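Asks: Here it is: the structure, laid out below.
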Amino acid sequence: MAQRKRLLLGVGIAFAVGVTLVVWGALRERMHADPLKNVPTSVRAVMWAKPVAVLDSPFLRAWTGVFGGDVSMAKVKELCGTNPLDSFERVTVFLGTEDGDRVGDFGYIAEGSIDRRSLVDCVRKLLEADGSGVRRVDVDGHPGVAGMSGDSRAIFFGKRAVVGGTEALVRSVLDAVAHADHAAAGATDLEALRAVVTPESDVVVLLRVPERWRKVVRTGAVLRFGVGFADLGAMELVGLALAFHDGLSLRMRAGFANDGQAKSLAEAARRGMDLVRKSDAVAVSVAAPVLARTRVSAEGRFVTLETAADASEIEPLLRLVQKGMAPAPPVDAAGGADRNASEPSNPR
């Protein structure tokens, strides 16, 4: 009897130790506080955002009023009964790279209070609505789900993170988290863009500009703004930080091949803003105070732009953008605007 009790006690202790180790391991597995420590060093672009701050912002409300809501997220909420983004404290999205200058697949890391069962059920409903289904997968001991076809999957990392993308990208995240020298943090070019980030930043984007994109940018900049902006085509890096607390605050930092290009572009931007400010149409519009707050400076090979808009200015600014996006009226053979396109006919 005593031997049986000792055996049961030993089994109980072993079970308790096993459960403790499993729980400790799950709690120990956490993403780093620095997003760049969670993504591979080879990323082409990385963005991280605070979903709640964005979803509750005056900017998003104004955007929805001017351009309409996000139909895709409305569909997710309809199928799942909730928006999964509401439970995430931070979402990181990154683009991988392929051979040469090509942009690869994208992956993501979502962190927060995650209800695994609800999240898997939501994914299942979305895939079934698209004619597919869900299968269980495992990546290096991490459970997850995937569609019935394709290489994309989403795995659970510890208790508070979901990692998604192709299996290769998911493994690259696990590798970056475990090995600091394989992560993007510490990469000289991306670290140089950190100057845009502040504790108040709600959205941050860091981009290594592909060579073929630079050629397109150069051509478009010259056609749109003149030869003074040709150096935009030499832009190698871009960092952007947005904060939505009291409206919209924007900080952008762009890196160029050399100091001369940065200085030339900063000067061209300041001259262009001065001309715009002096125009009668802008002087009486909501853009005037925003332009007055805008600052452009050059330091070494980097150009920095900073501006801000109050909550009350955002919707009128978006209306101006919307108006600028409207197609121009057709032009008749004589080179003038086609009056019939904008005026009602007057039959006799």
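Residue names in the structure tokens use chain letters A, B, ... in the order shown, residue numbers from 1 in each chain, and ligand numbers from 1 in the order shown.
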For Asp34 (chain A), please output as number ranges by chain all residues within 12 Å (counting only C-alpha atoms; exclusion window: fewer than 5 positions along the same chain).
Replies: A: 39, 48, 90, 92, 176-177, 180, 183-186, 191, 194, 197
Asks: Residues near Arg295 (chain A), anyone? I mean within 9 Å using only C-alpha atoms, not counting same-chain ones fewer than 3 positions away, as an mmCIF file with all heavy atoms, in the first residue's frame.
Replies:
```cif
data_model
loop_
_atom_site.group_PDB
_atom_site.id
_atom_site.type_symbol
_atom_site.label_atom_id
_atom_site.label_comp_id
_atom_site.auth_asym_id
_atom_site.auth_seq_id
_atom_site.Cartn_x
_atom_site.Cartn_y
_atom_site.Cartn_z
ATOM 1 N N ARG A 270 11.152 73.045 -50.185
ATOM 2 C CA ARG A 270 10.838 74.302 -49.502
ATOM 3 C C ARG A 270 10.382 75.371 -50.496
ATOM 4 O O ARG A 270 9.443 76.123 -50.245
ATOM 5 C CB ARG A 270 12.049 74.789 -48.698
ATOM 6 C CG ARG A 270 12.285 73.983 -47.421
ATOM 7 C CD ARG A 270 13.281 74.689 -46.510
ATOM 8 N NE ARG A 270 14.636 74.644 -47.066
ATOM 9 C CZ ARG A 270 15.539 73.723 -46.755
ATOM 10 N NH1 ARG A 270 15.227 72.748 -45.909
ATOM 11 N NH2 ARG A 270 16.751 73.767 -47.272
ATOM 12 N N LEU A 291 0.223 73.760 -43.952
ATOM 13 C CA LEU A 291 1.483 74.061 -44.638
ATOM 14 C C LEU A 291 2.378 74.945 -43.777
ATOM 15 O O LEU A 291 3.601 74.822 -43.807
ATOM 16 C CB LEU A 291 1.200 74.740 -45.976
ATOM 17 C CG LEU A 291 0.754 73.817 -47.117
ATOM 18 C CD1 LEU A 291 0.312 74.648 -48.322
ATOM 19 C CD2 LEU A 291 1.872 72.875 -47.512
ATOM 20 N N ALA A 292 1.761 75.856 -43.009
ATOM 21 C CA ALA A 292 2.543 76.732 -42.131
ATOM 22 C C ALA A 292 3.269 75.933 -41.054
ATOM 23 O O ALA A 292 4.326 76.348 -40.563
ATOM 24 C CB ALA A 292 1.634 77.776 -41.495
ATOM 25 N N THR A 304 14.182 65.202 -43.739
ATOM 26 C CA THR A 304 13.109 64.980 -42.775
ATOM 27 C C THR A 304 11.979 65.970 -43.024
ATOM 28 O O THR A 304 12.227 67.160 -43.218
ATOM 29 C CB THR A 304 13.612 65.143 -41.326
ATOM 30 O OG1 THR A 304 14.660 64.205 -41.097
ATOM 31 C CG2 THR A 304 12.495 64.909 -40.329
ATOM 32 N N LEU A 305 10.753 65.463 -43.030
ATOM 33 C CA LEU A 305 9.557 66.299 -43.172
ATOM 34 C C LEU A 305 8.668 66.048 -41.963
ATOM 35 O O LEU A 305 8.421 64.901 -41.583
ATOM 36 C CB LEU A 305 8.812 65.970 -44.460
ATOM 37 C CG LEU A 305 7.529 66.770 -44.755
ATOM 38 C CD1 LEU A 305 7.341 66.950 -46.256
ATOM 39 C CD2 LEU A 305 6.277 66.092 -44.168
ATOM 40 N N GLU A 306 8.177 67.131 -41.356
ATOM 41 C CA GLU A 306 7.272 67.034 -40.219
ATOM 42 C C GLU A 306 6.079 67.962 -40.429
ATOM 43 O O GLU A 306 6.245 69.101 -40.873
ATOM 44 C CB GLU A 306 7.978 67.415 -38.923
ATOM 45 C CG GLU A 306 9.159 66.527 -38.561
ATOM 46 C CD GLU A 306 9.826 66.947 -37.269
ATOM 47 O OE1 GLU A 306 9.250 66.660 -36.196
ATOM 48 O OE2 GLU A 306 10.896 67.572 -37.331
ATOM 49 N N THR A 307 4.899 67.469 -40.107
ATOM 50 C CA THR A 307 3.697 68.298 -40.208
ATOM 51 C C THR A 307 2.631 67.744 -39.279
ATOM 52 O O THR A 307 2.787 66.653 -38.709
ATOM 53 C CB THR A 307 3.173 68.365 -41.657
ATOM 54 O OG1 THR A 307 2.177 69.386 -41.747
ATOM 55 C CG2 THR A 307 2.575 67.038 -42.101
#
```
Asks: As number ranges by chain, please: every residue in region 52-195 of chain A that DSSP puts in helix (DSSP H, G or I).
Replies: A: 52-55, 58-67, 71-80, 84-87, 116-129, 167-178, 180-182, 188-192, 194-195
Asks: Using only C-alpha atoms, which of A:Lys37, A:Arg136, A:Lys263, A:Arg153 sits nearest Thr166 (chain A)?
Replies: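 The closest residue to Thr166 (chain A) is A:Arg153.
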Asks: Taking into account only C-alpha atoms, which residue in the set A:Ser152, A:Ser172, A:Thr64, A:Asn83 is nearest to Asn38 (chain A)?
Replies: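 Smallest distance to Asn38 (chain A) is found for A:Ser172.
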Asks: Can you pull out the residues contacting Cys122 (chain A)? Cut-off 10 Å, using only C-alpha atoms, and skip same-chain residues under 6 positions away; I want them as a list of chain:residue names.
Replies: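 Contacts, in chain order: A:Val76, A:Lys77, A:Leu79, A:Cys80, A:Gly81, A:Thr82, A:Asn83, A:Pro84, A:Arg116, A:Glu128.
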Asks: What parts of region 49-173 of chain A does DSSP call strand (DSSP E)? I'd like the answer as a VMD selection string.
Replies: chain A and resid 49 88 to 97 103 to 112 134 to 139 142 to 147 152 to 157 161 to 166
Asks: Please measure the separation of CA of Leu240 (chain A) and CA of Arg253 (chain A), giving the value in Å to one decimal.
Replies: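 Taking CA of Leu240 (chain A) and CA of Arg253 (chain A), their separation equals 6.5 Å.
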Asks: Please identify all polymer residues within 8 Å of Ala269 (chain A), counting only C-alpha atoms, omitting same-chain residues fewer than 4 positions from it, and present them as an mmCIF file with C-alpha atoms, in the first residue's frame.
Replies:
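To be explicit, this is the file written out as selection_38.cif:
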```cif
data_model
loop_
_atom_site.group_PDB
_atom_site.id
_atom_site.type_symbol
_atom_site.label_atom_id
_atom_site.label_comp_id
_atom_site.auth_asym_id
_atom_site.auth_seq_id
_atom_site.Cartn_x
_atom_site.Cartn_y
_atom_site.Cartn_z
ATOM 1 C CA PHE A 229 12.527 66.864 -57.951
ATOM 2 C CA LEU A 265 15.646 67.925 -52.707
ATOM 3 C CA MET A 273 5.825 74.855 -50.523
ATOM 4 C CA VAL A 296 11.551 70.223 -44.273
#
```
Asks: Of the residues A:Ile114, A:Leu207, A:Asp121, A:Asp130, which is the one nearest to Thr97 (chain A), using only C-alpha atoms?
Replies: A:Leu207
Asks: What's the 8 Å shell around His142 (chain A), counting only C-alpha atoms, without same-chain residues fewer than 4 positions away, as a PyMOL selection string?
Replies: chain A and resi 138+155-157
